[in-house]
Protein chains: 4
Amino acid sequence: MKSKRVAIVGASGYSGEELVRLLLNHPHVELTAVTSRLNAGKSLGQVFPKFAGHPRAGTLKFSEPKPEALAKQADLVFLALPHGVAAEYAVPLLQAGAIVIDLSADFRLKDKSVYKDFYGHDHPAPELLTKSVYGLPEIYRDQIKKASLVASPGCYPTSILLPVIPLLKAGLVKPTGIIADSLSGVSGAGRKVEADYLFVECNESVRAYGVPKHRHLSEIEQELSIAAGATVTVQFTPHLIPVNRGILTTLYLAPGKHFSNAAEMEALNKNVSACYAKAFGQEPFVRLLDEKALPDTKNVTGSNMVEIAWRLDPRTGRLLVMSAEDNLVKGASGQAVQSMNILCGFPETTGLV
Amino acid sequence: MKSKRVAIVGASGYSGEELVRLLLNHPHVELTAVTSRLNAGKSLGQVFPKFAGHPRAGTLKFSEPKPEALAKQADLVFLALPHGVAAEYAVPLLQAGAIVIDLSADFRLKDKSVYKDFYGHDHPAPELLTKSVYGLPEIYRDQIKKASLVASPGCYPTSILLPVIPLLKAGLVKPTGIIADSLSGVSGAGRKVEADYLFVECNESVRAYGVPKHRHLSEIEQELSIAAGATVTVQFTPHLIPVNRGILTTLYLAPGKHFSNAAEMEALNKNVSACYAKAFGQEPFVRLLDEKALPDTKNVTGSNMVEIAWRLDPRTGRLLVMSAEDNLVKGASGQAVQSMNILCGFPETTGLV
Amino acid sequence: MKSKRVAIVGASGYSGEELVRLLLNHPHVELTAVTSRLNAGKSLGQVFPKFAGHPRAGTLKFSEPKPEALAKQADLVFLALPHGVAAEYAVPLLQAGAIVIDLSADFRLKDKSVYKDFYGHDHPAPELLTKSVYGLPEIYRDQIKKASLVASPGCYPTSILLPVIPLLKAGLVKPTGIIADSLSGVSGAGRKVEADYLFVECNESVRAYGVPKHRHLSEIEQELSIAAGATVTVQFTPHLIPVNRGILTTLYLAPGKHFSNAAEMEALNKNVSACYAKAFGQEPFVRLLDEKALPDTKNVTGSNMVEIAWRLDPRTGRLLVMSAEDNLVKGASGQAVQSMNILCGFPETTGLV
Amino acid sequence: MKSKRVAIVGASGYSGEELVRLLLNHPHVELTAVTSRLNAGKSLGQVFPKFAGHPRAGTLKFSEPKPEALAKQADLVFLALPHGVAAEYAVPLLQAGAIVIDLSADFRLKDKSVYKDFYGHDHPAPELLTKSVYGLPEIYRDQIKKASLVASPGCYPTSILLPVIPLLKAGLVKPTGIIADSLSGVSGAGRKVEADYLFVECNESVRAYGVPKHRHLSEIEQELSIAAGATVTVQFTPHLIPVNRGILTTLYLAPGKHFSNAAEMEALNKNVSACYAKAFGQEPFVRLLDEKALPDTKNVTGSNMVEIAWRLDPRTGRLLVMSAEDNLVKGASGQAVQSMNILCGFPETTGLV
């Protein structure tokens with residue numbers, strides 16, 4: 001298998017660091033460049049001691065992010081930048097022929113007016129919004145294969161979209177009244193040096209934030225609306241909890257057809273089970289739990305796996321679905337590598353098991 | 001002020017330990033007995049090193065729990081026992097003339113058939129269900145004053161009932177479709193020596209449990225139904241998060257009257273604000289947050305305070321309410337002491353600030 | 001008892017916040033001013049939500065730190081400032097007749113050349129070094145009573161000095177070869193917004209730092225040398241561990257007299273026991289553990305207590321002593337309040353139990 | 001490369017679980033049996049949800065541990081049992097021709113009287129003590145190659161022996177007065193369902209334990225004595241800290257030759273540097289830190305790496321050495337797999353990077 005040269009722009013954040021880890025251990029790629037304005041000139045091991053002495057880290061040093069140079073050094077470039085600055089690199093990299101996998105939210109929306117509504121300014125490169133592919137492999141695998149620009153979804157959207165899309169497509173749940181209550185580890189905030197993320201402020205603390213209109217609602221609603229064939233509005237409450245990694249999302253859904261007795265409930269339960277089996281039964285990174293187990297972030301951290309379980313509640317008539325993932329792997333860098341594998345023709349699980 | 005002699009039955013669990021802490025520092029009571037089958041004969045300081053040398057711990061030793069002896073030693077007895085065994089002590093203690101404040105769920109339900117439905121067996125002393133007072137001071141202060149048996153509510157019910165009851169009473173939210181999503185610290189499970197609560201199993205882990213029919217739903221629905229004047233069914237999802245103490249509850253409510261523009265939203269917002277101000281403005285243990293802040297468990301742990309904040313979501317038409325409390329204080333032992341203060345005629349905040 | 005008006009300069013750090021908590025609940029003082037350049041104009045509750053609605057917080061607002069104004073508003077002023085800036089406030093406050101209790105290291109050393117050696121610059125007010133009293137109540141109670149400037153010791157020194165000073169004074173351990181290995185919670189670093197103290201960098205992490213010449217060695221060695229009547233040099237290794245609060249120090253000491261059999265060991269053990277009983281038997285804030293228990297920070301956090309235990313090792317001939325304290329209470333603000341109580345003639349435990 | 005069939009006896013503890021993880025992902029072995037009395041009959045995924053659906057977990061089920069059956073199913077058997085029961089399996093497995101890698105302390109001591117002194121009973125199979133090889137690859141690589149019974153060292157010994165042995169062999173430090181102060185994550189205690197290891201008892205807690213005569217001192221002193229060519233007695237203090245994984249050890253050593261000025265110190269520093277470079281410069285699992293960095297467990301958790309750094313203290317004349325490792329990987333299962341790789345002729349880092 002022909003190996004690819006890959007680069008990471010913005011490799012000093014948590015997602016970038018996780019990408020370095022995954023790509024250093026990926027048998028079919030060579031990590032040729034890592035950029036960071038702050039750390040330019042330093043070796044990988046100086047910035048991240050855990051990579052010091054890695055057999056494949058070699059003499060790799062952080063460099064200033066320069067699109068022209070990167071396009072020469074790499075066939076495929078990951079952008080792990082704060083939201084809003086990816087366009088600056090994506091445009092010249094694409095023009096120079098590189099494939100771009102962007103981990104930010106910059107190219108995930110299809111409608112520039114929705115972007116403006118949620119992000120508060122015009123999109124810097126609206127022409128790319130039609131070109132980009134939403135990088136959720138379980139939903140858009142075929143499109144990813146041919147993409148030149150992948151907008152890799154982040155942690156909250158992934159934890160909500162994977163469990164809900166199949167149910168909406170199958171008409172098993174209503175497109176209205178969806179509530180997503182999510183609990184995120186602190187690395188989800190990125191390596192931001194702000195008082196809110198100090199150890200003492202997060203440890204022994206739990207709090208909601210960003211309610212009621214979190215930016216990522218825009219892409220969540222976009223993708224659920226596509227699946228439902230109708231406009232979907234979601235209630236989404238993110239919470240910060242004192243773990244390094246992991247997202248647990250609890251979803252409150254209304255079954256498409258009301259159930260009013262045990263037989264109807266059992267029938268619905270079988271339909272949900274069949275729906276998930278069809279959607280994810282062959283997926284290497286989705287683990288459907290059996291009737292006794294519930295997702296737990298500790299079973300997925302460090303891996304690219306999403307756990308999903310569901311329960312019907314005969315008292316309220318609702319369908320509860322829970323998902324767990326590692327926000328830095330399936331919710332960020334692992335998913336981006338999964339897209340890279342698809343795009344490059346590598347087996348999809350390469351470097352991710 | 002005449003001081004009272006008090007005893008704690010079951011003082012070796014987390015709630016019992018917290019009661020010891022509060023009562024040792026309470027100026028108007030004398031802690032005359034603490035019982036524990038497991039620790040009988042040991043001093044307070046041997047079981048809980050942090051109380052060793054406490055100026056008021058004196059020579060207090062754990063004893064076997066014997067109702068007759070306790071009724072002689074104490075005017076008021078706290079029961080901090082596992083659910084299901086409180087009746088064994090409450091009946092003889094009440095007969096002997098002691099006042100009983102029970103921290104378990106045993107006397108919280110008014111309807112013995114609901115008890116059987118949720119707890120799976122007949123109530124052992126159904127005649128006491130009409131006698132007991134639900135010990136939520138902000139709602140039942142007058143009844144607590146005259147009670148001989150207080151059924152002090154636990155952590156989840158308190159975090160849900162306080163924010164929702166005033167809204168239901170005022171008709172500001174519908175009695176249907178209520179969702180309560182709660183995150184609890186591990187002490188909420190009690191001092192149970194089970195693998196699920198080992199450090200390594202809880203740390204860096206988040207998980208839901210007990211869905212969809214948690215036992216405490218029975219009392220939550222009982223009290224909300226009283227407030228609403230209609231049968232209320234609640235969707236309740238408890239989660240275990242890696243903190244010692246603290247409960248954060250996020251509530252999803254449907255406003256009684258739909259709002260469809262900014263003016264209607266602002267009007268509703270004022271009504272909610274006025275409703276809470278009226279209900280809790282003078283309450284010493286409810287902190288209503290202003291428009292910018294959201295509850296955080298770290299601001300209430302160690303205290304008897306509940307924090308409450310709310311947000312209207314113009315996109316979904318819902319009212320979100322969030323509450324935070326210390327599950328061992330306002331969610332257990334602090335609340336029980338608050339009831340004791342009311343019952344004994346002490347200033348309500350004595351020993352709790 | 002005549003109450004005192006007190007002020008806190010630098011009330012927005014962790015020590016300052018803890019001082020606010022202690023002083024708001026202290027029956028004999030009135031907190032008349034809290035300063036913070038960053039938060040001037042904000043109310044206590046805006047900066048620290050947990051104090052919002054405190055019955056004694058009233059309308060207290062943060063102000064700019066101005067010595068002249070403070071000297072009028074308060075009889076006694078606590079300085080909870082970063083090291084190096086306390087002199088700026090202490091000099092004018094003392095001149096204006098206020099009593100000053102400084103929580104920084106600025107006035108703890110008696111020798112200005114030692115200060116320069118460890119802090120790298122000349123002392124800004126060397127004339128105060130002879131005036132200040134080292135505020136360790138268990139050692140300097142009598143001097144504190146008459147002090148106008150108390151240099152209140154911090155967390156590491158307190159955890160080392162209390163267990164070692166009595167042994168040195170009694171000649172039970174040698175003044176040479178002392179090793180102190182300390183583990184500190186993250187609040188010990190103060191509310192510094194630096195990447196090293198982010199949740200994700202501290203959680204699931206343990207590391208030594210500041211070796212081998214930590215600044216606080218200067219005062220540790222000063223006080224141990226006074227106790228020993230000889231120059232003492234200490235090996236001190238601080239470690240950062242993922243807890244909010246608490247310091248555990250393990251001390252490796254050489255007995256003054258070698259023991260070579262069980263009888264000699266038992267005799268030494270009795271001497272150590274007697275020495276500690278004499279030094280601390282009546283101390284309200286020192287808990288001497290029995291032979292089976294070892295200090296645990298969870299037994300002291302939130303309180304002004306220090307736990308101490310010791311073990312003789314017949315295999316190595318060493319005496320091991322362990323201490324635990326809350327770095328923000330006995331290691332900072334509680335100790336400062338203890339000195340205030342002594343100085344003002346209040347019972348020493350007021351507001352601290 | 002010919003693949004090996006391997007089995008794990010006692011696969012339901014933390015070390016066993018980590019072995020499963022490593023062996024499922026090892027390209028040259030097939031995991032043919034996992035035993036657990038408690039979980040016999042259950043699948044891997046039922047006991048450890050994180051392995052459910054692993055492509056190589058297949059239909060593997062836990063079985064009762066039966067040496068005869070195991071000897072047929074596997075070429076090499078890992079014993080991950082509590083101390084004291086390994087002999088029961090090792091003897092028949094060796095007789096049946098299997099290679100045994102034991103993760104317990106049962107075969108680590110060479111002298112059965114030392115075993116009795118530290119473990120309190122006669123060794124159950126003393127004849128194997130001469131046959132077993134102490135499985136520290138960096139020291140005994142050649143012996144491991146030819147071993148049939150490897151006594152794989154645990155977490156504390158590894159964290160102490162690797163940094164100290166080269167210094168003792170080179171005569172750079174004295175064999176007397178060695179102090180090892182270790183901080184361990186809670187998984188080091190194993191999956192013991194005891195109150196001491198409950199989340200609430202460990203979180204926000206730090207404590208020493210097992211002082212002054214921890215069982216593992218026996219093997220530590222055995223190996224250091226071999227390196228020194230003299231009897232070595234060690235002062236060892238283990239502490240429990242609230243992290244899942246990781247050991248940090250701080251060592252206090254006396255240089256063989258006293259240094260009394262900067263030039264002598266610099267010379268010694270170079271000697272230590274050269275000594276470590278010679279011992280570990282080519283080792284794939286030892287990372288020697290440069291002069292600015294100090295070990296941090298977060299840089300080694302999840303990997304088989306040990307980090308080592310040192311500092312000379314001109315004030316005390318001591319050499320401080322610090323090491324960090326993951327107690328379940330280099331301190332247990334990773335090290336055992338490393339020995340397996342050596343023994344089986346696989347590249348030593350296979351499955352461990």
# chains A, B, ... in the order shown; residues from 1 in each chain; ligands from 1
call {"tool": "interface_residues", "arguments": {"of": "chain C", "to": "chain B", "cutoff": "8 Å", "atoms": "only C-alpha atoms", "output": "count of residues only"}}
result
9
call {"tool": "closest_residue", "arguments": {"among": "C:Phe346, C:Tyr252, C:Phe236, C:Tyr119", "to": "C:Lys174", "atoms": "only C-alpha atoms"}}
result
C:Tyr252
call {"tool": "select_by_dssp", "arguments": {"residues": "stretch 19-243 of chain D", "states": "alpha helix (DSSP H)", "output": "MDAnalysis selection string"}}
result
chainID D and resid 19:24 44:47 67:73 87:95 112:119 137:145 155:169 199:202 217:228
call {"tool": "residues_around", "arguments": {"residues": "C:Lys110", "least_positions_apart": "2", "cutoff": "12 Å", "atoms": "only C-alpha atoms", "output": "count of residues only"}}
result
28
call {"tool": "residues_around", "arguments": {"residues": "A:Ala195", "least_positions_apart": "2", "cutoff": "10 Å", "atoms": "only C-alpha atoms", "output": "number ranges by chain"}}
result
A: 192-193, 197-202; C: 191-194, 197-198
call {"tool": "residues_around", "arguments": {"residues": "A:Thr250", "least_positions_apart": "2", "cutoff": "8 Å", "atoms": "only C-alpha atoms", "output": "VMD selection string"}}
result
chain A and resid 180 to 182 248 252 320 to 323
call {"tool": "write_last_selection", "arguments": {"atoms": "N, CA, C and O atoms", "output": "PDB file, in the first residue's frame"}}
result
ATOM      1  N   ALA A 180     -31.215  16.923  23.664  1.00  0.00           N
ATOM      2  CA  ALA A 180     -29.915  16.282  23.829  1.00  0.00           C
ATOM      3  C   ALA A 180     -29.227  16.907  25.037  1.00  0.00           C
ATOM      4  O   ALA A 180     -28.971  18.118  25.051  1.00  0.00           O
ATOM      5  N   ASP A 181     -28.967  16.094  26.031  1.00  0.00           N
ATOM      6  CA  ASP A 181     -28.333  16.552  27.256  1.00  0.00           C
ATOM      7  C   ASP A 181     -26.949  15.901  27.287  1.00  0.00           C
ATOM      8  O   ASP A 181     -26.835  14.692  27.399  1.00  0.00           O
ATOM      9  N   SER A 182     -25.913  16.718  27.177  1.00  0.00           N
ATOM     10  CA  SER A 182     -24.565  16.171  27.002  1.00  0.00           C
ATOM     11  C   SER A 182     -23.637  16.561  28.136  1.00  0.00           C
ATOM     12  O   SER A 182     -23.709  17.678  28.655  1.00  0.00           O
ATOM     13  N   LEU A 248     -20.787  11.950  27.294  1.00  0.00           N
ATOM     14  CA  LEU A 248     -21.966  11.108  27.416  1.00  0.00           C
ATOM     15  C   LEU A 248     -23.160  11.967  27.033  1.00  0.00           C
ATOM     16  O   LEU A 248     -23.362  13.056  27.590  1.00  0.00           O
ATOM     17  N   TYR A 252     -33.604  12.491  24.512  1.00  0.00           N
ATOM     18  CA  TYR A 252     -35.020  12.271  24.795  1.00  0.00           C
ATOM     19  C   TYR A 252     -35.780  12.414  23.483  1.00  0.00           C
ATOM     20  O   TYR A 252     -35.800  13.503  22.891  1.00  0.00           O
ATOM     21  N   LEU A 320     -35.514   6.795  25.156  1.00  0.00           N
ATOM     22  CA  LEU A 320     -34.256   7.374  25.630  1.00  0.00           C
ATOM     23  C   LEU A 320     -33.111   6.686  24.905  1.00  0.00           C
ATOM     24  O   LEU A 320     -33.080   5.446  24.842  1.00  0.00           O
ATOM     25  N   VAL A 321     -32.184   7.480  24.407  1.00  0.00           N
ATOM     26  CA  VAL A 321     -30.997   6.899  23.783  1.00  0.00           C
ATOM     27  C   VAL A 321     -29.783   7.546  24.427  1.00  0.00           C
ATOM     28  O   VAL A 321     -29.763   8.755  24.671  1.00  0.00           O
ATOM     29  N   MET A 322     -28.801   6.724  24.752  1.00  0.00           N
ATOM     30  CA  MET A 322     -27.576   7.246  25.351  1.00  0.00           C
ATOM     31  C   MET A 322     -26.373   6.863  24.504  1.00  0.00           C
ATOM     32  O   MET A 322     -26.328   5.759  23.958  1.00  0.00           O
ATOM     33  N   SER A 323     -25.422   7.776  24.378  1.00  0.00           N
ATOM     34  CA  SER A 323     -24.193   7.458  23.646  1.00  0.00           C
ATOM     35  C   SER A 323     -22.988   7.926  24.439  1.00  0.00           C
ATOM     36  O   SER A 323     -23.075   8.872  25.223  1.00  0.00           O
TER      37      SER A 323
END
call {"tool": "residues_around", "arguments": {"residues": "stretch 267-282 of chain C", "least_positions_apart": "3", "cutoff": "8 Å", "atoms": "only C-alpha atoms", "output": "PyMOL selection string"}}
result
chain C and resi 138+166-167+170+172+259+263-264+286-288+312
call {"tool": "write_last_selection", "arguments": {"atoms": "N, CA and C atoms", "output": "compact mmCIF listing (two decimals), in the first residue's frame"}}
result
# COMPACT_ATOMS: atom_id res chain seq x y z
N GLU C 138 1.37 27.66 67.52
CA GLU C 138 1.81 26.60 68.42
C GLU C 138 3.24 26.85 68.92
N PRO C 166 9.28 20.29 67.72
CA PRO C 166 9.36 19.71 69.07
C PRO C 166 10.44 18.63 69.19
N LEU C 167 10.60 17.85 68.13
CA LEU C 167 11.61 16.79 68.16
C LEU C 167 13.02 17.36 68.23
N ALA C 170 13.71 18.86 71.65
CA ALA C 170 13.94 17.84 72.66
C ALA C 170 15.18 17.01 72.37
N LEU C 172 15.49 14.84 70.19
CA LEU C 172 15.14 13.47 69.82
C LEU C 172 15.54 13.11 68.40
N PHE C 259 18.98 3.40 67.88
CA PHE C 259 18.37 2.29 68.61
C PHE C 259 18.73 0.99 67.90
N ALA C 263 13.89 -3.08 72.75
CA ALA C 263 13.71 -2.29 73.97
C ALA C 263 14.09 -0.83 73.73
N GLU C 264 15.20 -0.61 73.06
CA GLU C 264 15.60 0.76 72.76
C GLU C 264 14.60 1.44 71.84
N VAL C 286 -4.02 20.53 66.57
CA VAL C 286 -3.09 19.45 66.23
C VAL C 286 -3.70 18.15 66.72
N ARG C 287 -3.86 17.21 65.81
CA ARG C 287 -4.42 15.91 66.16
C ARG C 287 -3.32 14.84 66.05
N LEU C 288 -2.95 14.30 67.18
CA LEU C 288 -1.93 13.24 67.20
C LEU C 288 -2.64 11.91 67.00
N LEU C 312 8.68 4.39 63.87
CA LEU C 312 10.11 4.07 63.90
C LEU C 312 10.32 2.85 63.01
call {"tool": "atom_distance", "arguments": {"atom1": "atom CA of B:Leu328", "atom2": "atom CA of B:Pro347"}}
result
21.1 Å
call {"tool": "residues_around", "arguments": {"residues": "D:Ser225", "least_positions_apart": "4", "cutoff": "10 Å", "atoms": "only C-alpha atoms", "output": "CSV table (one decimal) with N, CA and C atoms, in the first residue's frame"}}
result
chain,number,residue,atom,x,y,z
D,165,ILE,N,19.7,0.8,39.9
D,165,ILE,CA,20.7,-0.3,39.6
D,165,ILE,C,21.9,0.2,38.9
D,168,LEU,N,24.2,2.1,41.2
D,168,LEU,CA,24.9,1.3,42.2
D,168,LEU,C,26.0,0.5,41.5
D,169,LYS,N,25.7,-0.1,40.3
D,169,LYS,CA,26.7,-0.9,39.6
D,169,LYS,C,27.9,0.0,39.3
D,175,PRO,N,25.5,2.4,48.7
D,175,PRO,CA,24.4,1.4,48.9
D,175,PRO,C,23.6,1.6,50.2
D,219,GLU,N,12.1,-7.8,47.4
D,219,GLU,CA,12.7,-8.0,46.1
D,219,GLU,C,13.5,-6.7,45.7
D,220,ILE,N,13.0,-5.6,46.2
D,220,ILE,CA,13.8,-4.3,45.9
D,220,ILE,C,15.2,-4.5,46.5
D,221,GLU,N,15.2,-4.9,47.7
D,221,GLU,CA,16.5,-5.0,48.4
D,221,GLU,C,17.4,-6.1,47.8
D,229,GLY,N,26.6,-5.3,45.1
D,229,GLY,CA,27.5,-6.3,45.6
D,229,GLY,C,27.6,-6.1,47.2
D,230,ALA,N,26.6,-5.7,47.8
D,230,ALA,CA,26.6,-5.5,49.2
D,230,ALA,C,25.1,-5.5,49.7
D,231,THR,N,24.9,-5.7,50.9
D,231,THR,CA,23.5,-5.7,51.4
D,231,THR,C,23.0,-4.3,51.4
D,232,VAL,N,21.8,-4.2,50.8
D,232,VAL,CA,21.2,-2.9,50.7
D,232,VAL,C,19.9,-2.9,51.5
D,233,THR,N,19.7,-1.9,52.4
D,233,THR,CA,18.4,-1.8,53.1
D,233,THR,C,17.8,-0.5,52.6
